[in-house]
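J.: If it helps, the file is called input_32.txt and holds compact mmCIF, C-alpha atoms:
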# COMPACT_ATOMS: atom_id res chain seq x y z
CA MET A 1 57.97 -160.20 -16.28
CA ALA A 2 60.90 -162.59 -16.06
CA SER A 3 58.83 -165.43 -17.46
CA ILE A 4 57.78 -163.27 -20.41
CA GLU A 5 61.39 -162.37 -21.14
CA TYR A 6 62.41 -166.05 -21.03
CA GLN A 7 59.59 -166.97 -23.38
CA ARG A 8 60.64 -164.30 -25.87
CA ALA A 9 64.27 -165.35 -25.69
CA ALA A 10 63.52 -169.04 -26.12
CA ALA A 11 61.18 -168.41 -29.07
CA HIS A 12 63.26 -165.68 -30.69
CA LEU A 13 63.55 -166.28 -34.44
CA VAL A 14 65.14 -163.91 -36.93
CA ARG A 15 62.65 -162.61 -39.46
CA PRO A 16 63.23 -163.43 -43.15
CA SER A 17 65.76 -160.96 -44.49
CA PRO A 18 67.29 -160.41 -47.94
CA TRP A 19 70.53 -158.99 -46.54
CA PRO A 20 72.47 -162.25 -45.95
CA PHE A 21 71.84 -163.33 -49.54
CA LEU A 22 72.66 -159.88 -50.93
CA THR A 23 75.82 -159.67 -48.80
CA ALA A 24 77.03 -163.04 -50.09
CA THR A 25 76.23 -162.01 -53.66
CA SER A 26 78.08 -158.73 -53.19
CA LEU A 27 81.12 -160.60 -51.85
CA GLY A 28 81.14 -162.81 -54.92
CA TRP A 29 80.83 -159.77 -57.17
CA LEU A 30 83.66 -158.07 -55.25
CA LEU A 31 85.87 -161.15 -55.68
CA LEU A 32 85.13 -161.22 -59.39
CA GLY A 33 85.94 -157.52 -59.66
CA SER A 34 89.19 -157.94 -57.75
CA ALA A 35 90.36 -160.76 -60.03
CA SER A 36 89.34 -158.79 -63.15
CA TYR A 37 91.12 -155.66 -61.95
CA PHE A 38 94.33 -157.49 -61.05
CA HIS A 39 94.39 -159.07 -64.52
CA ASN A 40 93.72 -155.74 -66.28
CA CYS A 41 90.40 -156.93 -67.73
CA ASN A 42 87.87 -154.57 -69.23
CA PHE A 43 85.53 -153.03 -66.65
CA GLY A 44 87.64 -154.61 -63.89
CA LEU A 45 87.83 -151.44 -61.82
CA PHE A 46 84.11 -150.76 -62.32
CA THR A 47 83.24 -154.29 -61.20
CA LEU A 48 85.51 -153.95 -58.16
CA LEU A 49 84.07 -150.61 -57.05
CA SER A 50 80.47 -151.61 -57.71
CA GLY A 51 80.95 -154.83 -55.72
CA LEU A 52 82.41 -152.84 -52.84
CA LEU A 53 79.49 -150.39 -52.99
CA PHE A 54 76.92 -153.21 -53.00
CA LEU A 55 78.67 -154.91 -50.10
CA VAL A 56 78.77 -151.78 -47.93
CA THR A 57 75.11 -151.03 -48.72
CA ALA A 58 73.94 -154.55 -47.86
CA MET A 59 75.95 -154.60 -44.65
CA TYR A 60 74.61 -151.18 -43.63
CA PHE A 61 70.98 -152.23 -43.94
CA TRP A 62 71.67 -155.60 -42.34
CA PHE A 63 73.35 -154.00 -39.33
CA ALA A 64 70.57 -151.41 -39.13
CA ASP A 65 68.01 -154.20 -38.86
CA ILE A 66 70.02 -155.87 -36.10
CA VAL A 67 70.32 -152.60 -34.15
CA PHE A 68 66.57 -151.97 -34.55
CA GLU A 69 65.85 -155.51 -33.40
CA ALA A 70 68.01 -155.06 -30.31
CA PHE A 71 67.41 -151.43 -29.34
CA ASN A 72 63.85 -150.68 -30.47
CA GLU A 73 62.17 -154.08 -30.23
CA GLY A 74 64.13 -155.45 -27.26
CA GLU A 75 64.55 -158.87 -28.83
CA HIS A 76 68.13 -159.30 -27.64
CA THR A 77 67.49 -160.56 -24.14
CA LYS A 78 70.22 -161.85 -21.84
CA LEU A 79 70.01 -165.33 -23.30
CA VAL A 80 70.27 -164.00 -26.85
CA GLN A 81 73.17 -161.71 -25.90
CA LYS A 82 74.99 -164.68 -24.38
CA ALA A 83 74.59 -166.64 -27.61
CA LEU A 84 75.82 -163.67 -29.65
CA MET A 85 78.89 -163.33 -27.43
CA TYR A 86 79.68 -167.03 -27.91
CA GLY A 87 79.39 -166.48 -31.65
CA MET A 88 81.83 -163.58 -31.46
CA PHE A 89 84.34 -165.68 -29.51
CA LEU A 90 84.11 -168.49 -32.06
CA PHE A 91 84.63 -165.97 -34.85
CA ILE A 92 87.77 -164.64 -33.16
CA VAL A 93 89.04 -168.22 -32.72
CA SER A 94 88.61 -168.79 -36.45
CA GLU A 95 90.54 -165.57 -37.11
CA VAL A 96 93.32 -166.76 -34.81
CA MET A 97 93.67 -169.97 -36.82
CA PHE A 98 93.69 -167.89 -40.00
CA PHE A 99 96.78 -165.98 -38.83
CA VAL A 100 98.36 -169.13 -37.39
CA SER A 101 98.68 -170.39 -40.97
CA PHE A 102 100.79 -167.33 -41.89
CA PHE A 103 103.03 -167.68 -38.84
CA TRP A 104 103.37 -171.41 -39.55
CA ALA A 105 104.54 -170.69 -43.09
CA PHE A 106 106.92 -168.00 -41.88
CA PHE A 107 108.61 -170.23 -39.28
CA HIS A 108 108.65 -173.16 -41.69
CA PHE A 109 110.81 -171.25 -44.15
CA SER A 110 112.80 -169.14 -41.69
CA LEU A 111 113.88 -171.87 -39.24
CA SER A 112 114.98 -174.24 -42.00
CA PRO A 113 115.64 -172.33 -45.24
CA SER A 114 115.76 -174.59 -48.28
CA VAL A 115 118.59 -174.79 -50.80
CA PHE A 116 116.45 -172.72 -53.15
CA LEU A 117 116.91 -169.87 -50.63
CA PHE A 118 120.65 -170.65 -50.38
CA CYS A 119 119.98 -171.86 -46.80
CA ILE A 120 119.86 -168.30 -45.47
CA TRP A 121 117.08 -166.14 -44.04
CA PRO A 122 116.07 -163.55 -45.07
CA PRO A 123 116.65 -164.75 -48.65
CA GLN A 124 119.57 -163.32 -50.58
CA GLY A 125 118.82 -159.95 -52.13
CA ILE A 126 116.05 -159.02 -49.67
CA SER A 127 116.55 -155.70 -47.86
CA THR A 128 114.31 -155.98 -44.82
CA ILE A 129 112.44 -153.11 -43.18
CA ASP A 130 114.00 -151.55 -40.10
CA PRO A 131 111.72 -152.69 -37.23
CA TRP A 132 112.57 -149.58 -35.20
CA SER A 133 111.15 -147.15 -37.77
CA VAL A 134 107.56 -147.27 -39.04
CA PRO A 135 106.79 -150.72 -37.49
CA LEU A 136 107.68 -149.40 -34.02
CA VAL A 137 105.45 -146.36 -34.56
CA ASN A 138 102.61 -148.64 -35.62
CA THR A 139 103.16 -150.78 -32.54
CA LEU A 140 102.88 -147.75 -30.26
CA LEU A 141 99.77 -146.57 -32.10
CA LEU A 142 97.98 -149.88 -31.61
CA LEU A 143 99.06 -150.10 -27.96
CA TYR A 144 97.75 -146.59 -27.31
CA SER A 145 94.53 -147.43 -29.14
CA GLY A 146 94.03 -150.49 -26.93
CA VAL A 147 94.57 -148.39 -23.81
CA CYS A 148 92.08 -145.78 -25.03
CA LEU A 149 89.50 -148.44 -25.85
CA THR A 150 89.82 -150.00 -22.39
CA TRP A 151 89.60 -146.52 -20.90
CA SER A 152 86.42 -145.87 -22.92
CA HIS A 153 84.90 -149.12 -21.66
CA ARG A 154 85.65 -148.21 -18.05
CA LEU A 155 84.10 -144.78 -18.53
CA LEU A 156 81.01 -146.37 -20.05
CA LEU A 157 80.64 -148.62 -17.02
CA ALA A 158 80.97 -145.52 -14.83
CA LYS A 159 78.13 -143.79 -16.78
CA LYS A 160 80.49 -141.10 -18.09
CA TYR A 161 79.17 -141.28 -21.63
CA LYS A 162 80.75 -138.11 -23.04
CA SER A 163 84.19 -139.09 -21.80
CA ALA A 164 83.68 -142.62 -23.11
CA TRP A 165 82.79 -141.17 -26.52
CA PHE A 166 85.98 -139.09 -26.55
CA ALA A 167 88.17 -142.05 -25.59
CA LEU A 168 86.54 -144.16 -28.30
CA PHE A 169 87.14 -141.35 -30.78
CA LEU A 170 90.85 -141.37 -29.88
CA THR A 171 90.94 -145.11 -30.49
CA ILE A 172 89.54 -144.61 -33.99
CA VAL A 173 92.06 -141.84 -34.71
CA PHE A 174 94.96 -144.10 -33.71
CA GLY A 175 93.58 -146.89 -35.92
CA PHE A 176 93.26 -144.51 -38.87
CA ILE A 177 96.82 -143.23 -38.42
CA PHE A 178 98.03 -146.84 -38.24
CA THR A 179 96.46 -147.52 -41.65
CA LEU A 180 98.11 -144.44 -43.15
CA CYS A 181 101.50 -145.47 -41.74
CA GLN A 182 101.14 -148.95 -43.19
CA ILE A 183 100.31 -147.51 -46.61
CA PHE A 184 103.43 -145.35 -46.36
CA GLU A 185 105.44 -148.42 -45.38
CA TYR A 186 104.19 -150.33 -48.42
CA VAL A 187 105.03 -147.45 -50.75
CA GLN A 188 108.58 -147.23 -49.37
CA CYS A 189 109.08 -151.00 -49.05
CA PRO A 190 112.35 -152.15 -50.74
CA PHE A 191 110.81 -155.45 -51.88
CA SER A 192 107.50 -156.61 -53.37
CA ILE A 193 105.15 -159.54 -52.95
CA ASN A 194 106.95 -161.27 -55.85
CA ASP A 195 110.34 -161.20 -54.11
CA SER A 196 110.81 -164.74 -52.86
CA VAL A 197 108.74 -166.42 -50.18
CA TYR A 198 109.73 -163.65 -47.75
CA GLY A 199 107.88 -161.01 -49.74
CA SER A 200 104.84 -163.25 -50.20
CA ILE A 201 104.48 -164.07 -46.50
CA PHE A 202 105.25 -160.50 -45.42
CA PHE A 203 102.60 -158.86 -47.58
CA LEU A 204 100.00 -161.56 -46.97
CA ALA A 205 100.41 -161.46 -43.18
CA THR A 206 100.70 -157.69 -42.77
CA GLY A 207 98.18 -156.98 -45.53
CA PHE A 208 95.47 -159.15 -44.01
CA HIS A 209 96.23 -157.63 -40.63
CA GLY A 210 95.80 -154.19 -42.16
CA LEU A 211 92.46 -155.32 -43.58
CA HIS A 212 91.41 -156.43 -40.10
CA VAL A 213 92.43 -153.02 -38.74
CA ILE A 214 90.18 -151.34 -41.32
CA VAL A 215 87.27 -153.66 -40.44
CA GLY A 216 87.87 -153.05 -36.73
CA THR A 217 87.96 -149.29 -37.29
CA ILE A 218 84.60 -149.45 -39.09
CA PHE A 219 83.29 -151.55 -36.22
CA LEU A 220 84.39 -148.87 -33.74
CA VAL A 221 82.94 -146.05 -35.86
CA VAL A 222 79.55 -147.78 -35.71
CA CYS A 223 79.91 -148.01 -31.93
CA LEU A 224 80.86 -144.32 -31.83
CA PHE A 225 77.61 -143.29 -33.52
CA ARG A 226 75.60 -145.67 -31.37
CA LEU A 227 77.21 -144.28 -28.24
CA LYS A 228 76.39 -140.76 -29.43
CA ASN A 229 72.74 -141.79 -29.94
CA ASN A 230 72.49 -143.30 -26.44
CA HIS A 231 72.23 -146.89 -27.63
CA PHE A 232 74.65 -148.11 -24.95
CA THR A 233 74.27 -148.11 -21.20
CA GLU A 234 76.51 -149.35 -18.41
CA LYS A 235 74.53 -152.61 -18.31
CA ARG A 236 73.72 -153.11 -21.98
CA HIS A 237 76.52 -152.61 -24.51
CA LEU A 238 77.09 -155.94 -26.25
CA GLY A 239 78.05 -154.30 -29.56
CA PHE A 240 80.71 -152.26 -27.81
CA GLU A 241 82.15 -155.32 -26.08
CA CYS A 242 82.29 -157.30 -29.34
CA ALA A 243 84.12 -154.43 -31.03
CA ALA A 244 86.54 -154.19 -28.09
CA TYR A 245 87.35 -157.91 -28.15
CA TYR A 246 87.93 -157.77 -31.89
CA TRP A 247 90.20 -154.74 -31.59
CA HIS A 248 92.27 -156.31 -28.81
CA PHE A 249 92.65 -159.41 -30.97
CA VAL A 250 94.02 -157.18 -33.76
CA ASP A 251 96.45 -155.64 -31.27
CA VAL A 252 97.78 -159.01 -30.12
CA VAL A 253 98.24 -160.24 -33.70
CA TRP A 254 100.28 -157.14 -34.50
CA LEU A 255 102.55 -157.72 -31.48
CA PHE A 256 103.30 -161.19 -32.83
CA LEU A 257 103.90 -159.76 -36.30
CA PHE A 258 106.26 -157.12 -34.97
CA THR A 259 108.31 -159.49 -32.82
CA THR A 260 108.55 -162.30 -35.40
CA VAL A 261 108.32 -160.90 -38.93
CA TYR A 262 109.80 -157.44 -38.39
CA TRP A 263 112.27 -157.92 -35.54
CA TRP A 264 113.34 -161.58 -35.27
CA GLY A 265 112.78 -162.41 -38.94
CA SER A 266 114.97 -159.58 -40.19
Spell out the structure here as structure tokens.
T.:
Amino acid sequence: MASIEYQRAAAHLVRPSPWPFLTATSLGWLLLGSASYFHNCNFGLFTLLSGLLFLVTAMYFWFADIVFEAFNEGEHTKLVQKALMYGMFLFIVSEVMFFVSFFWAFFHFSLSPSVFLFCIWPPQGISTIDPWSVPLVNTLLLLYSGVCLTWSHRLLLAKKYKSAWFALFLTIVFGFIFTLCQIFEYVQCPFSINDSVYGSIFFLATGFHGLHVIVGTIFLVVCLFRLKNNHFTEKRHLGFECAAYYWHFVDVVWLFLFTTVYWWGS
């Protein structure tokens, strides 16, 4: 039986699928719609929403094929799972470098403000956000969510599936509340993205982090439904582990954002 499994793993090839091409096309359409909407072009909002709809649809069917391939056909053997985990780690490394660029820009301007900023940081006229208000609440929310996710993983390993589902549900709730708090923070923010380099870096760094929180929440929602449908066991839950690693990465990035941009930078 072991030799058969090794043969399947070594010869495993993904079947031809239209979803990668359609996902890339939907991303291009979404980018076009975003640029049209931001420039107040005709049908900009329609293009944006239709691109988002196409993207979600393509991703849904693509992920459904992957789940069917893993759960129903058993194609994801140990060797394949190991390769997928390596891919997830490399993806997280690329995301780390993505946020390093924002922190690099922030420290470049904050440690040595130019004469155009009157050699002060934050720049003159910028009223920074109190780090001990909404940012502190968001920090606690993400910390609690990380604890709940680790708790859910431990319960899954202990075969307590209902308790693991509840802990994962709490993680999703905390992530959703975090997104609402960040929207409230943006609405009440005393500066905009056009206010000096501080506003640009602030909204780019926190905005992209918020986008990652939304993606991570969707990732966890998929795991929640899969856990409900008995797709995960104590020995086979690669999708859950990938979602957990991604969510912990989001938590760590926020801790750096809170300590540097919100607290030290203000």
J.: Go ahead and compute the interatomic distance for atom CA of A:Asp130 and atom CA of A:Trp263, in Å to one decimal.
T.: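 Calculated distance between atom CA of A:Asp130 and atom CA of A:Trp263 is 8.0 Å.
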J.: Let me make sure I understand: among A:Tyr246, A:Tyr262, A:Phe208, A:Phe178, which one has the smallest atom-to-atom distance to A:Phe99 if we use only C-alpha atoms?
T.: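 Of all the options, A:Phe208 lies closest to A:Phe99.
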J.: Env of A:Ile177: 10 Å cut, atoms = all atoms listed in the file, seq-sep filter 6 positions within chain, self excluded. Answer as an MDAnalysis selection string.
T.: chainID A and resid 137:138 141:142 183
J.: So the first atom is atom CA of A:His39 and the second is atom CA of A:Asp195; what is the distance between them in Å, to one decimal place?
T.: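 Taking atom CA of A:His39 and atom CA of A:Asp195, their separation equals 19.2 Å.
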J.: Would you tabulate, counting all atoms listed in the file, all residues of stretch 132-222 of chain A that have an atom at most 7 Å from an atom of stretch 101-124 of chain A, showing the closest pair of atoms and their distance in Å to one decimal, sorted by chain then ascending number, as JSON lines?
T.:
{"residue": "A:Tyr198", "atom": "CA", "partner": "A:Pro122", "partner_atom": "CA", "distance": 6.9}
{"residue": "A:Ile201", "atom": "CA", "partner": "A:Phe106", "partner_atom": "CA", "distance": 6.5}
{"residue": "A:Ala205", "atom": "CA", "partner": "A:Phe102", "partner_atom": "CA", "distance": 6.0}
J.: Figure out the distance between atom CA of A:Leu238 and atom CA of A:Phe61, please, to one decimal in Å.
T.: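 Separation between atom CA of A:Phe61 and atom CA of A:Leu238: 19.1 Å.
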J.: For A:Leu136, which residue among A:Glu69, A:Glu185, A:Glu95, A:Glu75 is the nearest when counting all atoms listed in the file?
T.: A:Glu185
J.: Using only C-alpha atoms, can you tell me which of A:Pro16, A:Pro135, A:Gly216, A:Gly199 comes closest to A:Tyr245?
T.: A:Gly216
J.: Which residue, A:Thr233, A:Thr217, A:Ser192, A:Ser200, has the smallest gap to A:Thr179 when you use all atoms listed in the file?
T.: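 Comparing A:Thr233, A:Thr217, A:Ser192, A:Ser200 against A:Thr179, the winner is A:Thr217.
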J.: Pull the neighbourhood of (105.4, -141.3, -42.4) for me: all residues within 8 Å in file coordinates, counting all atoms listed in the file, as a PDB file with C-alpha atoms, in the coordinates of the input.
T.:
ATOM      1  CA  VAL A 134     107.560-147.270 -39.040  1.00  0.00           C
ATOM      2  CA  LEU A 180      98.110-144.440 -43.150  1.00  0.00           C
ATOM      3  CA  CYS A 181     101.500-145.470 -41.740  1.00  0.00           C
ATOM      4  CA  PHE A 184     103.430-145.350 -46.360  1.00  0.00           C
ATOM      5  CA  GLU A 185     105.440-148.420 -45.380  1.00  0.00           C
TER       6      GLU A 185
END
J.: What's the 12 Å shell around A:Val222, counting all atoms listed in the file, without same-chain residues fewer than 6 positions away, as a PDB file with C-alpha atoms, in the frame of the given file?
T.:
ATOM      1  CA  MET A  59      75.950-154.600 -44.650  1.00  0.00           C
ATOM      2  CA  TYR A  60      74.610-151.180 -43.630  1.00  0.00           C
ATOM      3  CA  PHE A  63      73.350-154.000 -39.330  1.00  0.00           C
ATOM      4  CA  ALA A  64      70.570-151.410 -39.130  1.00  0.00           C
ATOM      5  CA  VAL A  67      70.320-152.600 -34.150  1.00  0.00           C
ATOM      6  CA  TRP A 165      82.790-141.170 -26.520  1.00  0.00           C
ATOM      7  CA  LEU A 168      86.540-144.160 -28.300  1.00  0.00           C
ATOM      8  CA  PHE A 169      87.140-141.350 -30.780  1.00  0.00           C
ATOM      9  CA  ILE A 172      89.540-144.610 -33.990  1.00  0.00           C
ATOM     10  CA  VAL A 215      87.270-153.660 -40.440  1.00  0.00           C
ATOM     11  CA  GLY A 216      87.870-153.050 -36.730  1.00  0.00           C
ATOM     12  CA  LYS A 228      76.390-140.760 -29.430  1.00  0.00           C
ATOM     13  CA  ASN A 229      72.740-141.790 -29.940  1.00  0.00           C
ATOM     14  CA  HIS A 231      72.230-146.890 -27.630  1.00  0.00           C
ATOM     15  CA  PHE A 232      74.650-148.110 -24.950  1.00  0.00           C
ATOM     16  CA  GLY A 239      78.050-154.300 -29.560  1.00  0.00           C
ATOM     17  CA  PHE A 240      80.710-152.260 -27.810  1.00  0.00           C
ATOM     18  CA  CYS A 242      82.290-157.300 -29.340  1.00  0.00           C
ATOM     19  CA  ALA A 243      84.120-154.430 -31.030  1.00  0.00           C
TER      20      ALA A 243
END
J.: My list of candidates is A:Phe91, A:Trp247, A:Tyr37, A:Phe68. Which is closest to A:Gly175 when distances are computed with all atoms listed in the file?
T.: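 That would be A:Trp247, the residue with the smallest distance to A:Gly175.
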